[in-house]
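The next block holds one structure in the form of structure tokens; read it before the comments.
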Amino acid sequence: MADEPKNQVVEALEPPDAVLVARARANDYSSYEELVRRYQRRIYALVYNMTGNKEDTEDLVQDVFVKAYRVLHGFKGNSSFYTWIYRIAVNRTINFLHKRKRRGSSVSLDDVDQAVERDPALLELRSRESPVRDVTISELQNKLNAALQTLSEDHRTVVVMHDIQGMQHAEIAGILNCSEGTVRSRLFYARKQLQHELAEYAP
């Protein structure tokens, strides 16, 4: 009986990704749904910052998780599940952006405005600031999202992954299958371009 509370605590803990992946590969779809729940928000943020369009993001995120489930048998566990599905999301989004560029499609500023209202980090910051500061933050966020869309797909990707989502150079290099030097070079160039686009907001 003395061990019962400890066992209850262990049972209450969420299973690690590797366990959920194994169950999902054994046709336990509820385990895959749990993996989606864990990472859907971060994948959505990645894709939105790369596309700047809400409808495109929703379609792409759904496509990413459907594709990942279909090829889950190919996941060897050499990296974390998050890194694996993140790589799928990056590749699918870059392919989409290439196709969109060929079609000559553009990003609606209305989508940028809506993203500002949904950004949890931004909402938290705005809740602690004055109404005057709210306007400044909103304007800057709009401008930043628009400026991101001026970058090439490769440069936009590393900025989103490093500066927005806080990933390390080595992790980014592993996902993009390039060297850390390439990641740093792309970051340097992208930041220079963003600084130019955001010059009017510089202190």
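Ligands are numbered from 1 in the order shown, chains are lettered A, B, ... in the order of the structure tokens, and residues start at 1 in each chain.
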Extract, using only C-alpha atoms, all DNA, RNA and protein residues at most 10 Å from range 91-93 of chain A, discarding same-chain residues fewer than 5 positions from it, and format them as JSON, numbers by chain.
-> {"A": [46, 47, 48, 50, 51, 56, 57, 60, 61, 63, 64, 67, 85, 86, 98, 99, 153, 157, 175, 176]}
Selection near Arg156 in chain A, 8 Å with only C-alpha atoms, sequence-local residues under 5 positions removed, as a JSON list (two decimals) with N, CA and C atoms, in the first residue's frame:
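Heads up, here's the output in around39.json:
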[["chain", "number", "residue", "atom", "x", "y", "z"],
["A", 50, "MET", "N", 6.14, 31.88, -41.62],
["A", 50, "MET", "CA", 6.75, 31.70, -42.93],
["A", 50, "MET", "C", 5.82, 32.10, -44.08],
["A", 148, "LEU", "N", 9.11, 40.12, -42.78],
["A", 148, "LEU", "CA", 9.51, 38.72, -42.92],
["A", 148, "LEU", "C", 9.17, 38.19, -44.30],
["A", 149, "GLN", "N", 8.06, 38.67, -44.86],
["A", 149, "GLN", "CA", 7.64, 38.18, -46.16],
["A", 149, "GLN", "C", 8.51, 38.69, -47.30],
["A", 151, "LEU", "N", 11.76, 38.49, -47.17],
["A", 151, "LEU", "CA", 12.95, 37.63, -47.19],
["A", 151, "LEU", "C", 12.74, 36.44, -48.11],
["A", 190, "ALA", "N", 19.77, 37.93, -43.26],
["A", 190, "ALA", "CA", 18.35, 38.18, -43.03],
["A", 190, "ALA", "C", 18.15, 39.32, -42.04]]
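Going from CA of Ala89 in chain A to CA of Gly77 in chain A covers 17.3 Å.
Closest approach to Lys76 in chain A among A:Ile94, A:Ala45, A:Leu187, A:Val21 is made by A:Val21 (distances from only C-alpha atoms).
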Residue nearest Ala68 in chain A among A:Ala199, A:Met161, A:Leu97, A:Val36 (counting only C-alpha atoms) = A:Val36
Distance of CA of Ser185 in chain A from CA of Glu171 in chain A, expressed in Å to one decimal place = 15.3 Å
Nearest residue to Leu35 in chain A from the set A:Phe96, A:Phe81, A:Phe75, A:Phe188 (distances using only C-alpha atoms) | A:Phe81
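Distances here use only C-alpha atoms; by that measure, the residue among A:Thr83, A:Tyr44, A:Ala22, A:Arg100 closest to Met167 in chain A is A:Thr83.
The two atoms in question, CA of Asn49 in chain A and CA of Asn145 in chain A, are spaced 7.1 Å apart.
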